[in-house]
>>> print(open('target23.cif').read())   # mmCIF, C-alpha atoms
data_entry
#
loop_
_atom_site.label_atom_id
_atom_site.label_comp_id
_atom_site.auth_asym_id
_atom_site.auth_seq_id
_atom_site.Cartn_x
_atom_site.Cartn_y
_atom_site.Cartn_z
CA MET A 18 -171.21 -29.54 -36.83
CA PRO A 19 -168.76 -30.25 -39.67
CA VAL A 20 -167.10 -27.27 -41.24
CA THR A 21 -165.39 -26.88 -44.59
CA VAL A 22 -161.60 -26.69 -44.46
CA LYS A 23 -159.89 -24.78 -47.26
CA THR A 24 -156.11 -24.84 -47.49
CA PHE A 25 -154.28 -22.51 -49.88
CA THR A 26 -150.63 -22.26 -50.80
CA SER A 27 -150.88 -18.55 -51.51
CA THR A 28 -151.81 -15.98 -48.90
CA HIS A 29 -153.57 -14.01 -51.63
CA ASP A 30 -156.03 -16.86 -52.28
CA ALA A 31 -156.50 -17.44 -48.54
CA ALA A 32 -157.28 -13.73 -48.06
CA ALA A 33 -159.78 -13.83 -50.92
CA ALA A 34 -161.53 -16.84 -49.33
CA LEU A 35 -161.65 -15.05 -45.97
CA SER A 36 -162.99 -11.77 -47.30
CA SER A 37 -165.70 -13.39 -49.40
CA ASP A 38 -167.23 -15.47 -46.60
CA ARG A 39 -168.46 -13.92 -43.37
CA SER A 40 -168.50 -17.31 -41.61
CA ALA A 41 -164.87 -18.10 -42.53
CA ARG A 42 -162.09 -17.95 -39.93
CA TYR A 43 -158.38 -18.24 -40.43
CA LEU A 44 -156.84 -21.14 -38.52
CA GLY A 45 -153.36 -20.41 -37.17
CA GLY A 46 -152.19 -22.46 -34.21
CA GLY A 47 -155.72 -23.53 -33.32
CA THR A 48 -155.80 -22.25 -29.75
CA LEU A 49 -158.63 -19.81 -30.53
CA VAL A 50 -160.49 -21.22 -33.54
CA MET A 51 -160.42 -24.92 -32.54
CA ARG A 52 -161.50 -23.91 -29.05
CA ALA A 53 -164.47 -22.07 -30.56
CA LEU A 54 -165.37 -25.12 -32.67
CA ASN A 55 -165.07 -27.41 -29.62
CA GLU A 56 -167.49 -25.11 -27.81
CA GLY A 57 -169.96 -25.45 -30.70
CA ASP A 58 -169.56 -21.96 -32.20
CA ILE A 59 -171.97 -22.17 -35.13
CA SER A 60 -170.88 -18.79 -36.54
CA ILE A 61 -167.87 -20.58 -38.08
CA SER A 62 -168.67 -22.72 -41.10
CA THR A 63 -165.41 -22.46 -43.04
CA ILE A 64 -161.82 -22.77 -41.86
CA VAL A 65 -159.17 -21.16 -44.05
CA ARG A 66 -155.49 -22.07 -43.88
CA ALA A 67 -152.42 -20.90 -45.79
CA SER A 68 -149.27 -22.97 -46.13
CA ASP A 69 -147.10 -20.09 -47.42
CA HIS A 70 -143.69 -20.23 -45.69
CA ALA A 71 -143.58 -16.43 -45.48
CA MET A 72 -146.20 -16.73 -42.72
CA THR A 73 -143.68 -18.45 -40.42
CA ARG A 74 -140.61 -16.33 -41.21
CA ILE A 75 -138.67 -14.40 -38.57
CA ASP A 76 -136.47 -11.52 -39.73
CA ALA A 77 -134.55 -10.24 -36.72
CA SER A 78 -131.24 -9.40 -38.38
CA GLY A 79 -131.63 -5.63 -38.69
CA SER A 80 -132.96 -2.81 -36.54
CA ARG A 81 -136.50 -3.52 -37.73
CA ILE A 82 -137.90 -6.91 -36.76
CA THR A 83 -140.59 -8.74 -38.72
CA LEU A 84 -142.44 -11.73 -37.33
CA GLY A 85 -144.64 -13.77 -39.68
CA ALA A 86 -148.17 -14.15 -38.32
CA GLY A 87 -147.67 -17.92 -38.01
CA VAL A 88 -144.56 -17.66 -35.82
CA THR A 89 -145.16 -19.55 -32.55
CA PHE A 90 -144.13 -18.40 -29.09
CA ALA A 91 -141.80 -21.42 -28.84
CA ARG A 92 -139.94 -20.14 -31.93
CA ILE A 93 -139.56 -16.70 -30.35
CA LEU A 94 -138.12 -18.34 -27.23
CA ALA A 95 -135.60 -20.19 -29.42
CA GLU A 96 -134.41 -16.98 -31.08
CA ARG A 97 -131.53 -15.31 -29.23
CA GLU A 98 -131.96 -12.04 -31.16
CA LEU A 99 -135.45 -11.73 -29.68
CA GLY A 100 -134.33 -11.99 -26.05
CA PHE A 101 -136.33 -8.90 -25.07
CA LEU A 102 -139.51 -10.74 -26.13
CA HIS A 103 -138.76 -13.92 -24.18
CA GLY A 104 -140.58 -12.54 -21.12
CA PRO A 105 -143.87 -11.95 -22.97
CA ALA A 106 -143.55 -15.24 -24.92
CA ARG A 107 -142.84 -17.29 -21.79
CA SER A 108 -145.78 -15.74 -19.93
CA ILE A 109 -148.22 -17.38 -22.35
CA GLY A 110 -149.72 -20.81 -21.65
CA GLY A 111 -147.71 -23.93 -20.97
CA PRO A 112 -145.21 -25.51 -23.40
CA ALA A 113 -147.93 -27.06 -25.60
CA VAL A 114 -149.75 -23.74 -26.05
CA ARG A 115 -146.42 -22.04 -26.84
CA ASN A 116 -145.73 -24.72 -29.49
CA MET A 117 -149.09 -23.93 -31.10
CA GLY A 118 -150.12 -20.33 -30.41
CA THR A 119 -148.98 -17.70 -32.90
CA VAL A 120 -148.10 -14.03 -32.94
CA GLY A 121 -150.87 -13.33 -35.45
CA GLY A 122 -153.54 -15.21 -33.51
CA ASN A 123 -152.61 -13.39 -30.32
CA LEU A 124 -153.84 -10.15 -31.94
CA PHE A 125 -157.35 -11.63 -31.74
CA ALA A 126 -157.11 -13.23 -28.29
CA PRO A 127 -159.79 -11.86 -25.95
CA VAL A 128 -159.31 -10.89 -22.29
CA PRO A 129 -157.68 -12.47 -20.21
CA TYR A 130 -155.38 -13.58 -23.07
CA GLY A 131 -153.44 -11.62 -25.67
CA ASP A 132 -150.37 -10.83 -23.55
CA PHE A 133 -147.96 -10.78 -26.49
CA THR A 134 -150.10 -8.17 -28.21
CA VAL A 135 -149.62 -5.88 -25.19
CA ALA A 136 -145.87 -6.07 -25.82
CA MET A 137 -146.42 -5.39 -29.54
CA LEU A 138 -148.57 -2.36 -28.72
CA ALA A 139 -145.83 -0.89 -26.49
CA LEU A 140 -143.38 -1.36 -29.39
CA ASP A 141 -145.62 0.60 -31.80
CA ALA A 142 -145.83 -2.40 -34.12
CA VAL A 143 -147.34 -2.31 -37.59
CA VAL A 144 -149.67 -5.12 -38.70
CA SER A 145 -149.41 -6.22 -42.35
CA VAL A 146 -152.71 -7.54 -43.63
CA GLN A 147 -153.96 -8.95 -46.90
CA GLY A 148 -157.57 -8.13 -47.69
CA GLY A 149 -159.74 -9.09 -50.63
CA LEU A 150 -158.59 -5.97 -52.48
CA GLY A 151 -154.90 -5.98 -51.60
CA GLY A 152 -152.30 -5.63 -48.88
CA ARG A 153 -151.83 -2.78 -46.42
CA GLU A 154 -150.08 -1.88 -43.21
CA ILE A 155 -152.10 -0.82 -40.17
CA PRO A 156 -150.68 0.68 -36.96
CA ILE A 157 -151.41 -1.84 -34.20
CA ASP A 158 -153.52 0.51 -32.05
CA GLU A 159 -155.73 1.25 -35.03
CA PHE A 160 -155.92 -2.48 -35.81
CA LEU A 161 -156.98 -3.31 -32.25
CA GLN A 162 -159.64 -0.58 -32.15
CA SER A 163 -161.34 -2.17 -35.15
CA ARG A 164 -160.45 -5.77 -34.27
CA ASP A 165 -164.00 -7.09 -34.47
CA ARG A 166 -164.16 -5.97 -38.10
CA GLN A 167 -160.77 -7.49 -39.00
CA THR A 168 -161.87 -11.13 -39.20
CA GLY A 169 -162.26 -10.80 -42.97
CA VAL A 170 -158.60 -9.94 -43.50
CA LEU A 171 -155.56 -12.18 -43.30
CA VAL A 172 -152.78 -10.99 -40.99
CA LEU A 173 -149.48 -11.71 -42.71
CA ALA A 174 -146.89 -10.32 -40.32
CA ILE A 175 -146.16 -7.86 -37.56
CA SER A 176 -143.12 -5.59 -37.53
CA PHE A 177 -141.52 -3.13 -35.13
CA ALA A 178 -138.24 -1.34 -34.40
CA LYS A 179 -135.95 -3.21 -32.03
CA PRO A 180 -135.64 -1.36 -28.68
CA GLY A 181 -132.41 0.63 -28.46
CA SER A 182 -131.42 -0.96 -25.16
CA ALA A 183 -132.47 -3.83 -22.90
CA GLU A 184 -133.76 -1.43 -20.19
CA ALA A 185 -135.88 0.52 -22.70
CA PHE A 186 -138.43 -2.32 -22.97
CA ARG A 187 -140.22 -3.66 -19.92
CA TYR A 188 -142.96 -6.24 -19.47
CA ARG A 189 -144.97 -7.52 -16.56
CA LYS A 190 -147.89 -9.95 -16.37
CA ILE A 191 -149.92 -10.29 -13.20
CA ALA A 192 -151.45 -13.76 -12.93
CA ARG A 193 -152.86 -15.71 -10.01
CA ILE A 194 -151.24 -18.98 -11.08
CA LYS A 195 -147.54 -19.15 -11.86
CA PRO A 196 -145.94 -19.95 -14.19
CA LYS A 197 -149.17 -20.28 -16.14
CA GLY A 198 -152.50 -18.50 -16.00
CA GLY A 199 -154.76 -15.91 -17.57
CA ALA A 200 -153.84 -12.32 -16.80
CA VAL A 201 -155.29 -10.19 -14.04
CA ILE A 202 -153.56 -7.39 -15.94
CA THR A 203 -150.62 -7.22 -18.35
CA LEU A 204 -148.27 -4.26 -18.74
CA ALA A 205 -145.56 -3.36 -21.23
CA ALA A 206 -143.58 -0.17 -21.62
CA HIS A 207 -141.12 1.14 -24.17
CA LEU A 208 -139.10 4.09 -22.85
CA PRO A 209 -136.48 5.24 -25.35
CA VAL A 210 -134.09 7.69 -23.68
CA ASN A 211 -132.37 10.62 -25.40
CA GLY A 212 -129.75 12.12 -23.08
CA SER A 213 -131.55 11.53 -19.80
CA ARG A 214 -135.05 12.31 -21.08
CA ILE A 215 -137.68 9.85 -22.27
CA VAL A 216 -138.66 10.49 -25.88
CA GLY A 217 -141.56 8.52 -27.39
CA ALA A 218 -142.86 6.85 -24.21
CA ARG A 219 -145.26 3.96 -24.76
CA VAL A 220 -147.22 2.23 -22.01
CA ALA A 221 -149.61 -0.58 -22.98
CA LEU A 222 -152.12 -2.38 -20.79
CA GLY A 223 -153.88 -5.72 -21.21
CA SER A 224 -157.18 -6.72 -19.52
CA MET A 225 -157.93 -3.03 -18.82
CA ALA A 226 -160.34 -2.77 -21.80
CA PRO A 227 -161.87 -5.22 -24.30
CA THR A 228 -158.60 -5.05 -26.29
CA PRO A 229 -155.07 -4.08 -25.22
CA ILE A 230 -154.89 -0.27 -24.94
CA ARG A 231 -152.28 2.45 -24.58
CA ALA A 232 -152.20 4.30 -21.25
CA ARG A 233 -151.90 7.69 -22.94
CA ALA A 234 -152.13 9.75 -19.76
CA ALA A 235 -149.25 7.76 -18.25
CA GLU A 236 -147.28 8.23 -21.50
CA ARG A 237 -147.81 12.02 -21.26
CA ALA A 238 -146.56 11.98 -17.66
CA LEU A 239 -143.35 10.25 -18.84
CA GLU A 240 -142.72 12.16 -22.06
CA GLY A 241 -139.71 14.49 -22.01
CA ARG A 242 -138.87 13.71 -18.40
CA ALA A 243 -136.17 11.75 -16.62
CA LEU A 244 -137.35 8.46 -15.14
CA ASP A 245 -137.13 9.59 -11.50
CA THR A 246 -139.36 9.03 -8.49
CA SER A 247 -141.69 11.96 -9.12
CA THR A 248 -142.13 11.07 -12.82
CA ILE A 249 -142.88 7.44 -11.94
CA LYS A 250 -145.38 8.58 -9.30
CA ALA A 251 -147.16 10.84 -11.81
CA ALA A 252 -147.29 8.09 -14.46
CA ALA A 253 -148.61 5.53 -11.95
CA ALA A 254 -151.34 7.94 -10.82
CA ALA A 255 -152.39 8.53 -14.43
CA ALA A 256 -152.35 4.85 -15.49
CA VAL A 257 -156.03 4.19 -14.79
CA GLU A 258 -157.22 7.12 -16.93
CA GLY A 259 -159.15 6.03 -20.02
CA THR A 260 -159.36 2.37 -19.01
CA SER A 261 -162.58 0.32 -19.02
CA PRO A 262 -161.83 -3.07 -17.44
CA SER A 263 -164.48 -5.75 -16.89
CA ASP A 264 -165.21 -8.27 -14.16
CA ASN A 265 -164.16 -11.84 -14.80
CA ALA A 266 -163.28 -14.94 -12.77
CA LEU A 267 -159.72 -13.71 -12.23
CA ALA A 268 -160.48 -10.23 -10.89
CA SER A 269 -163.15 -7.56 -10.71
CA ALA A 270 -163.05 -4.36 -12.72
CA TRP A 271 -162.70 -2.47 -9.40
CA TYR A 272 -159.64 -4.53 -8.42
CA ARG A 273 -158.00 -3.99 -11.80
CA ARG A 274 -158.47 -0.22 -11.49
CA GLU A 275 -157.03 -0.30 -7.97
CA ILE A 276 -153.86 -2.21 -8.87
CA VAL A 277 -152.96 -0.87 -12.31
CA GLY A 278 -151.15 2.15 -10.89
CA VAL A 279 -149.26 0.01 -8.37
CA HIS A 280 -147.98 -2.27 -11.12
CA VAL A 281 -147.13 0.62 -13.46
CA ARG A 282 -145.01 2.05 -10.62
CA ARG A 283 -143.28 -1.32 -10.09
CA LEU A 284 -142.74 -1.77 -13.83
CA LEU A 285 -141.19 1.68 -14.21
CA SER A 286 -139.04 1.45 -11.09
CA GLY A 287 -137.73 -1.98 -12.11
CA GLN A 288 -139.14 -3.78 -9.06
CA GLU A 289 -139.82 -7.48 -9.27
CA MET B 24 -170.59 -33.07 -46.11
CA ALA B 25 -167.63 -34.77 -47.71
CA LYS B 26 -165.07 -36.47 -45.54
CA THR B 27 -161.36 -35.92 -46.01
CA ALA B 28 -158.85 -38.77 -46.27
CA LEU B 29 -156.05 -38.44 -43.74
CA GLN B 30 -152.85 -40.45 -43.36
CA PHE B 31 -150.27 -40.08 -40.62
CA GLN B 32 -148.01 -42.11 -38.35
CA HIS B 33 -149.61 -43.13 -35.08
CA ASN B 34 -147.00 -44.42 -32.63
CA GLY B 35 -144.79 -45.52 -35.50
CA ARG B 36 -147.59 -47.22 -37.44
CA ASP B 37 -149.15 -45.80 -40.63
CA VAL B 38 -152.86 -45.12 -40.26
CA ALA B 39 -155.42 -43.93 -42.79
CA ILE B 40 -158.81 -42.55 -41.76
CA PHE B 41 -161.59 -40.34 -43.07
CA VAL B 42 -162.42 -37.25 -41.03
CA ASP B 43 -165.26 -34.73 -41.11
CA GLY B 44 -164.20 -31.13 -41.68
CA GLY B 45 -163.19 -29.49 -38.41
CA THR B 46 -162.56 -32.78 -36.54
CA ASN B 47 -159.90 -32.35 -33.90
CA LEU B 48 -157.01 -34.76 -33.47
CA LEU B 49 -158.27 -35.97 -30.09
CA VAL B 50 -161.56 -37.14 -31.59
CA ALA B 51 -159.69 -38.74 -34.51
CA LEU B 52 -157.39 -40.65 -32.14
CA ARG B 53 -160.09 -41.79 -29.72
CA GLU B 54 -163.11 -42.39 -31.93
CA LEU B 55 -161.58 -43.27 -35.30
CA ILE B 56 -158.34 -45.02 -34.31
CA GLY B 57 -159.43 -46.31 -30.91
CA ASP B 58 -156.46 -44.98 -28.95
CA MET B 59 -158.10 -44.02 -25.65
CA THR B 60 -154.91 -42.82 -23.92
CA PRO B 61 -155.27 -39.11 -24.71
CA LYS B 62 -158.18 -37.83 -22.60
CA PHE B 63 -160.80 -35.17 -23.18
CA GLY B 64 -160.67 -32.64 -20.37
CA CYS B 65 -161.68 -29.08 -21.17
CA GLY B 66 -161.57 -28.77 -24.97
CA GLN B 67 -160.10 -25.29 -24.46
CA GLY B 68 -156.36 -25.82 -24.04
CA GLY B 69 -156.52 -25.28 -20.32
CA CYS B 70 -155.97 -28.73 -18.79
CA GLY B 71 -153.38 -30.56 -20.90
CA THR B 72 -154.73 -34.10 -20.52
CA CYS B 73 -155.09 -34.47 -24.31
CA SER B 74 -151.35 -33.73 -24.85
CA VAL B 75 -149.58 -35.68 -27.59
CA LEU B 76 -146.27 -35.31 -29.41
CA ILE B 77 -146.49 -34.19 -33.03
CA ASP B 78 -143.12 -34.65 -34.74
CA GLY B 79 -141.68 -34.79 -31.23
CA GLU B 80 -143.22 -31.48 -30.14
CA LEU B 81 -145.81 -31.26 -27.35
CA HIS B 82 -149.24 -30.27 -28.71
CA LEU B 83 -152.80 -30.25 -27.43
CA SER B 84 -154.69 -32.75 -29.58
CA CYS B 85 -158.09 -31.19 -28.78
CA LEU B 86 -156.96 -27.89 -30.35
CA THR B 87 -155.24 -29.51 -33.33
CA LEU B 88 -157.22 -29.75 -36.55
CA ALA B 89 -156.83 -33.43 -37.48
CA GLU B 90 -156.02 -32.62 -41.12
CA THR B 91 -152.92 -30.69 -40.09
CA VAL B 92 -151.11 -33.87 -39.02
CA ALA B 93 -151.22 -35.37 -42.54
CA GLY B 94 -147.89 -37.11 -43.18
CA ARG B 95 -146.60 -36.30 -39.71
CA SER B 96 -145.79 -38.46 -36.71
CA VAL B 97 -148.17 -38.49 -33.73
CA GLU B 98 -147.05 -40.10 -30.50
CA THR B 99 -149.47 -40.82 -27.65
CA LEU B 100 -149.11 -42.46 -24.27
CA ASP B 101 -150.12 -45.76 -25.88
CA GLY B 102 -146.83 -45.74 -27.79
CA ILE B 103 -144.39 -45.15 -24.95
CA LYS B 104 -144.53 -48.55 -23.22
CA GLU B 105 -141.62 -50.79 -24.10
CA GLY B 106 -143.15 -54.13 -25.05
CA PRO B 107 -144.68 -55.63 -21.90
CA ASN B 108 -142.65 -53.23 -19.72
CA LEU B 109 -143.61 -49.80 -18.50
CA HIS B 110 -141.63 -46.83 -19.76
CA PRO B 111 -139.22 -45.54 -17.06
CA LEU B 112 -141.47 -42.48 -16.65
CA GLN B 113 -144.53 -44.68 -16.07
CA ARG B 114 -142.52 -46.78 -13.56
CA ALA B 115 -141.42 -43.61 -11.76
CA PHE B 116 -145.02 -42.30 -11.65
CA ALA B 117 -146.14 -45.57 -10.02
CA ASP B 118 -143.21 -45.66 -7.57
CA ASN B 119 -143.72 -42.03 -6.53
CA PHE B 120 -147.52 -42.15 -6.17
CA ALA B 121 -147.77 -39.55 -8.94
CA ALA B 122 -151.24 -40.67 -10.04
CA GLN B 123 -154.37 -40.68 -7.92
CA CYS B 124 -157.48 -40.51 -10.10
CA GLY B 125 -155.19 -40.78 -13.14
CA TYR B 126 -157.09 -38.52 -15.49
CA CYS B 127 -154.22 -36.04 -15.92
CA THR B 128 -151.59 -38.79 -16.11
CA PRO B 129 -151.50 -39.30 -19.92
CA GLY B 130 -150.90 -35.59 -20.46
CA MET B 131 -148.41 -35.34 -17.60
CA LEU B 132 -146.41 -38.27 -19.02
CA MET B 133 -146.35 -36.81 -22.54
CA ALA B 134 -145.29 -33.39 -21.21
CA ALA B 135 -142.58 -35.07 -19.12
CA LYS B 136 -141.45 -37.13 -22.12
CA ALA B 137 -141.22 -33.99 -24.29
CA LEU B 138 -139.01 -32.46 -21.60
CA LEU B 139 -136.71 -35.47 -21.11
CA ASN B 140 -136.31 -35.95 -24.88
CA ARG B 141 -134.63 -32.56 -25.19
CA ASN B 142 -133.25 -32.21 -21.65
CA PRO B 143 -132.44 -35.59 -20.02
CA GLN B 144 -131.29 -34.02 -16.72
CA PRO B 145 -133.73 -31.19 -15.96
CA SER B 146 -133.74 -29.10 -12.82
CA ARG B 147 -136.79 -29.04 -10.56
CA ALA B 148 -137.73 -25.61 -11.96
CA GLU B 149 -137.54 -26.98 -15.51
CA VAL B 150 -139.86 -29.85 -14.59
CA VAL B 151 -142.35 -27.40 -13.06
CA GLU B 152 -142.23 -25.30 -16.24
CA ALA B 153 -142.62 -28.39 -18.45
CA ILE B 154 -145.83 -29.56 -16.75
CA SER B 155 -147.22 -26.04 -16.21
CA GLY B 156 -149.80 -26.56 -18.96
CA ASN B 157 -151.16 -29.69 -17.27
CA ILE B 158 -153.66 -29.52 -14.44
CA CYS B 159 -153.84 -32.14 -11.66
CA ARG B 160 -156.56 -31.78 -9.03
CA CYS B 161 -155.47 -34.74 -6.84
CA THR B 162 -151.77 -34.92 -6.14
CA GLY B 163 -150.77 -31.33 -5.45
CA TYR B 164 -148.09 -31.79 -8.16
CA GLU B 165 -145.19 -32.60 -5.81
CA PRO B 166 -145.28 -36.39 -6.38
CA ILE B 167 -145.44 -35.77 -10.15
CA ILE B 168 -142.42 -33.46 -10.06
CA ASN B 169 -140.54 -36.00 -7.93
CA ALA B 170 -141.46 -38.81 -10.34
CA VAL B 171 -140.15 -36.90 -13.38
CA LEU B 172 -136.92 -36.09 -11.53
CA ALA B 173 -136.59 -39.74 -10.47
CA ALA B 174 -137.08 -40.94 -14.04
CA ALA B 175 -134.52 -38.41 -15.22
CA SER B 176 -131.86 -39.64 -12.80
CA GLY B 177 -132.44 -43.23 -13.85
CA GLY B 178 -134.64 -44.22 -10.94
CA ARG B 179 -132.40 -42.78 -8.24
CA ALA B 180 -134.21 -40.35 -5.95
CA ARG B 181 -132.98 -36.81 -6.22
CA ALA B 182 -133.34 -33.76 -3.98
#
>>> encode(input="target23.cif", output="structure tokens")
Amino acid sequence: MPVTVKTFTSTHDAAAALSSDRSARYLGGGTLVMRALNEGDISISTIVRASDHAMTRIDASGSRITLGAGVTFARILAERELGFLHGPARSIGGPAVRNMGTVGGNLFAPVPYGDFTVAMLALDAVVSVQGGLGGREIPIDEFLQSRDRQTGVLVLAISFAKPGSAEAFRYRKIARIKPKGGAVITLAAHLPVNGSRIVGARVALGSMAPTPIRARAAERALEGRALDTSTIKAAAAAAVEGTSPSDNALASAWYRREIVGVHVRRLLSGQE
Amino acid sequence: MAKTALQFQHNGRDVAIFVDGGTNLLVALRELIGDMTPKFGCGQGGCGTCSVLIDGELHLSCLTLAETVAGRSVETLDGIKEGPNLHPLQRAFADNFAAQCGYCTPGMLMAAKALLNRNPQPSRAEVVEAISGNICRCTGYEPIINAVLAAASGGRARA
């Protein structure tokens, strides 16, 4: 069924068009919205686009990094300053999907997709959105909890503090097909160290709930401790707490619960 | 519903068509321009057989809103042959038995071309990565990888 395509130069006008029409969707790279249209999703009757260059800007010069919502995974892979995000970016799709898929769209990608968002959640990112009434910044975990209600806002950018060291940020995607495939589970951790103690531990999990979630019990097991064998063991044991995975073609909910602790242990102990 | 006028370069030639809102590039190429080389596989971005180059970059035409290629260059498998001769990649695919049913072949060739355009001498691992978004259910991939490596080394077989 034909849909109406509305292209705006200003993000403000695009946001107004999105917020005023329940059946409008923002089209970024197309890997989610065009797929829905190809499948005959009749809930979409208007496609909104914005051609504002701010949407595709990368600012990685300082300690705080900002990625425009329209930045593709291929662009992240081309950016040397963003080396710590090359793992998550490369784990998504094949080259064509990475040329198309965007950081902003990934926030809305359902299980078993949305791997980049797991990395963003571990980095405590902030999502900048433009609504019908104005702009605001939403912490990413809050954004994800209300994701179903966020289709009426326009995501402009996502920002986060650069990890202090290369070892502080870790990422792991478990897939049945390599190098490409939907996730069985996805894990990311940010473990800033002060002295020898972890301060501000973040562990994020993908495919363990309808949206990426923080493994708060595992974070508590890490907080204030040195990253030694007993701490890793405690965090791994706590990883499954608070999760609500589902069955899908890649794995059952039972299997996901069984393996999440194993992979948290491997992630934290630096095992391949 | 009103149609939208759309102009772009198709294999070096200017084309002008009218598209319905929401039409994807694959439908525009096949049904409105008559270029049957990009195939419809899954419509979800999972199989890669609809792959085309947009401004030299590998894209999935089934997930590309046709209107977004206005004024840009779209290259499909139909454009890579050199006059009456096969492109070296096509020759290498034939010589290395890299096509069986052939349905994935247009996408495989475009993915391989995107790779060789930016990296004329790729490693085996780089070839595997380059075609990782393209599914083949016949060949088991090895003949395809060998064909791309053969084309890259100018027809000489390579370990």
>>> resolve_selection(input="target23.cif", expression="the PyMOL selection byres ((chain B) within 10 of (chain A))", output="CSV table (one decimal) with C-alpha atoms, in the coordinates of the input")
chain,number,residue,atom,x,y,z
B,24,MET,CA,-170.6,-33.1,-46.1
B,25,ALA,CA,-167.6,-34.8,-47.7
B,26,LYS,CA,-165.1,-36.5,-45.5
B,27,THR,CA,-161.4,-35.9,-46.0
B,42,VAL,CA,-162.4,-37.2,-41.0
B,43,ASP,CA,-165.3,-34.7,-41.1
B,44,GLY,CA,-164.2,-31.1,-41.7
B,45,GLY,CA,-163.2,-29.5,-38.4
B,46,THR,CA,-162.6,-32.8,-36.5
B,47,ASN,CA,-159.9,-32.4,-33.9
B,65,CYS,CA,-161.7,-29.1,-21.2
B,66,GLY,CA,-161.6,-28.8,-25.0
B,67,GLN,CA,-160.1,-25.3,-24.5
B,68,GLY,CA,-156.4,-25.8,-24.0
B,69,GLY,CA,-156.5,-25.3,-20.3
B,70,CYS,CA,-156.0,-28.7,-18.8
B,71,GLY,CA,-153.4,-30.6,-20.9
B,74,SER,CA,-151.4,-33.7,-24.8
B,75,VAL,CA,-149.6,-35.7,-27.6
B,76,LEU,CA,-146.3,-35.3,-29.4
B,80,GLU,CA,-143.2,-31.5,-30.1
B,81,LEU,CA,-145.8,-31.3,-27.4
B,82,HIS,CA,-149.2,-30.3,-28.7
B,83,LEU,CA,-152.8,-30.2,-27.4
B,84,SER,CA,-154.7,-32.8,-29.6
B,85,CYS,CA,-158.1,-31.2,-28.8
B,86,LEU,CA,-157.0,-27.9,-30.4
B,87,THR,CA,-155.2,-29.5,-33.3
B,88,LEU,CA,-157.2,-29.8,-36.6
B,90,GLU,CA,-156.0,-32.6,-41.1
B,91,THR,CA,-152.9,-30.7,-40.1
B,134,ALA,CA,-145.3,-33.4,-21.2
B,137,ALA,CA,-141.2,-34.0,-24.3
B,138,LEU,CA,-139.0,-32.5,-21.6
B,151,VAL,CA,-142.4,-27.4,-13.1
B,152,GLU,CA,-142.2,-25.3,-16.2
B,153,ALA,CA,-142.6,-28.4,-18.4
B,154,ILE,CA,-145.8,-29.6,-16.8
B,155,SER,CA,-147.2,-26.0,-16.2
B,156,GLY,CA,-149.8,-26.6,-19.0
B,157,ASN,CA,-151.2,-29.7,-17.3
>>> closest_atom_pairs(input="target23.cif", of="segment 34-63 of chain B", to="segment 96-103 of chain B", cutoff="9 Å", atoms="only C-alpha atoms", output="JSON lines")
{"residue": "B:Asn34", "atom": "CA", "partner": "B:Glu98", "partner_atom": "CA", "distance": 4.8}
{"residue": "B:Gly35", "atom": "CA", "partner": "B:Ser96", "partner_atom": "CA", "distance": 7.2}
{"residue": "B:Arg36", "atom": "CA", "partner": "B:Ser96", "partner_atom": "CA", "distance": 9.0}
{"residue": "B:Asp37", "atom": "CA", "partner": "B:Ser96", "partner_atom": "CA", "distance": 9.0}
{"residue": "B:Asp58", "atom": "CA", "partner": "B:Asp101", "partner_atom": "CA", "distance": 7.1}
{"residue": "B:Met59", "atom": "CA", "partner": "B:Asp101", "partner_atom": "CA", "distance": 8.2}
{"residue": "B:Thr60", "atom": "CA", "partner": "B:Leu100", "partner_atom": "CA", "distance": 5.8}
{"residue": "B:Pro61", "atom": "CA", "partner": "B:Thr99", "partner_atom": "CA", "distance": 6.7}
>>> closest_residue(input="target23.cif", among="B:Ile167, B:Ala175, B:Ile158, B:Leu139", to="Gly79 of chain B", atoms="only C-alpha atoms")
B:Leu139
>>> atom_distance(input="target23.cif", atom1="atom CA of Gly241 of chain A", atom2="atom CA of Arg219 of chain A")
12.2 Å
>>> atom_distance(input="target23.cif", atom1="atom CA of Gly85 of chain A", atom2="atom CA of Ala89 of chain B")
23.2 Å
>>> resolve_selection(input="target23.cif", expression="the PyMOL selection byres ((chain A and resi 189) around 12)", output="VMD selection string")
chain A and resid 102 to 109 132 to 133 135 to 136 139 186 to 188 190 to 192 200 to 206 220 to 223 277 279 to 285 287 to 289
>>> decode(input="target23.cif", residues="segment 110-114 of chain B", atoms="N, CA and C atoms", output="tab-separated table (two decimals), in the first residue's frame")
chain	number	residue	atom	x	y	z
B	110	HIS	N	32.65	-9.32	-17.21
B	110	HIS	CA	33.55	-8.65	-16.27
B	110	HIS	C	34.49	-9.73	-15.69
B	111	PRO	N	35.74	-9.39	-15.35
B	111	PRO	CA	36.65	-10.40	-14.80
B	111	PRO	C	36.06	-11.17	-13.61
B	112	LEU	N	35.22	-10.51	-12.81
B	112	LEU	CA	34.59	-11.23	-11.69
B	112	LEU	C	33.60	-12.28	-12.21
B	113	GLN	N	32.83	-11.91	-13.23
B	113	GLN	CA	31.88	-12.87	-13.81
B	113	GLN	C	32.63	-14.06	-14.42
B	114	ARG	N	33.73	-13.76	-15.12
B	114	ARG	CA	34.57	-14.82	-15.73
B	114	ARG	C	35.08	-15.76	-14.63
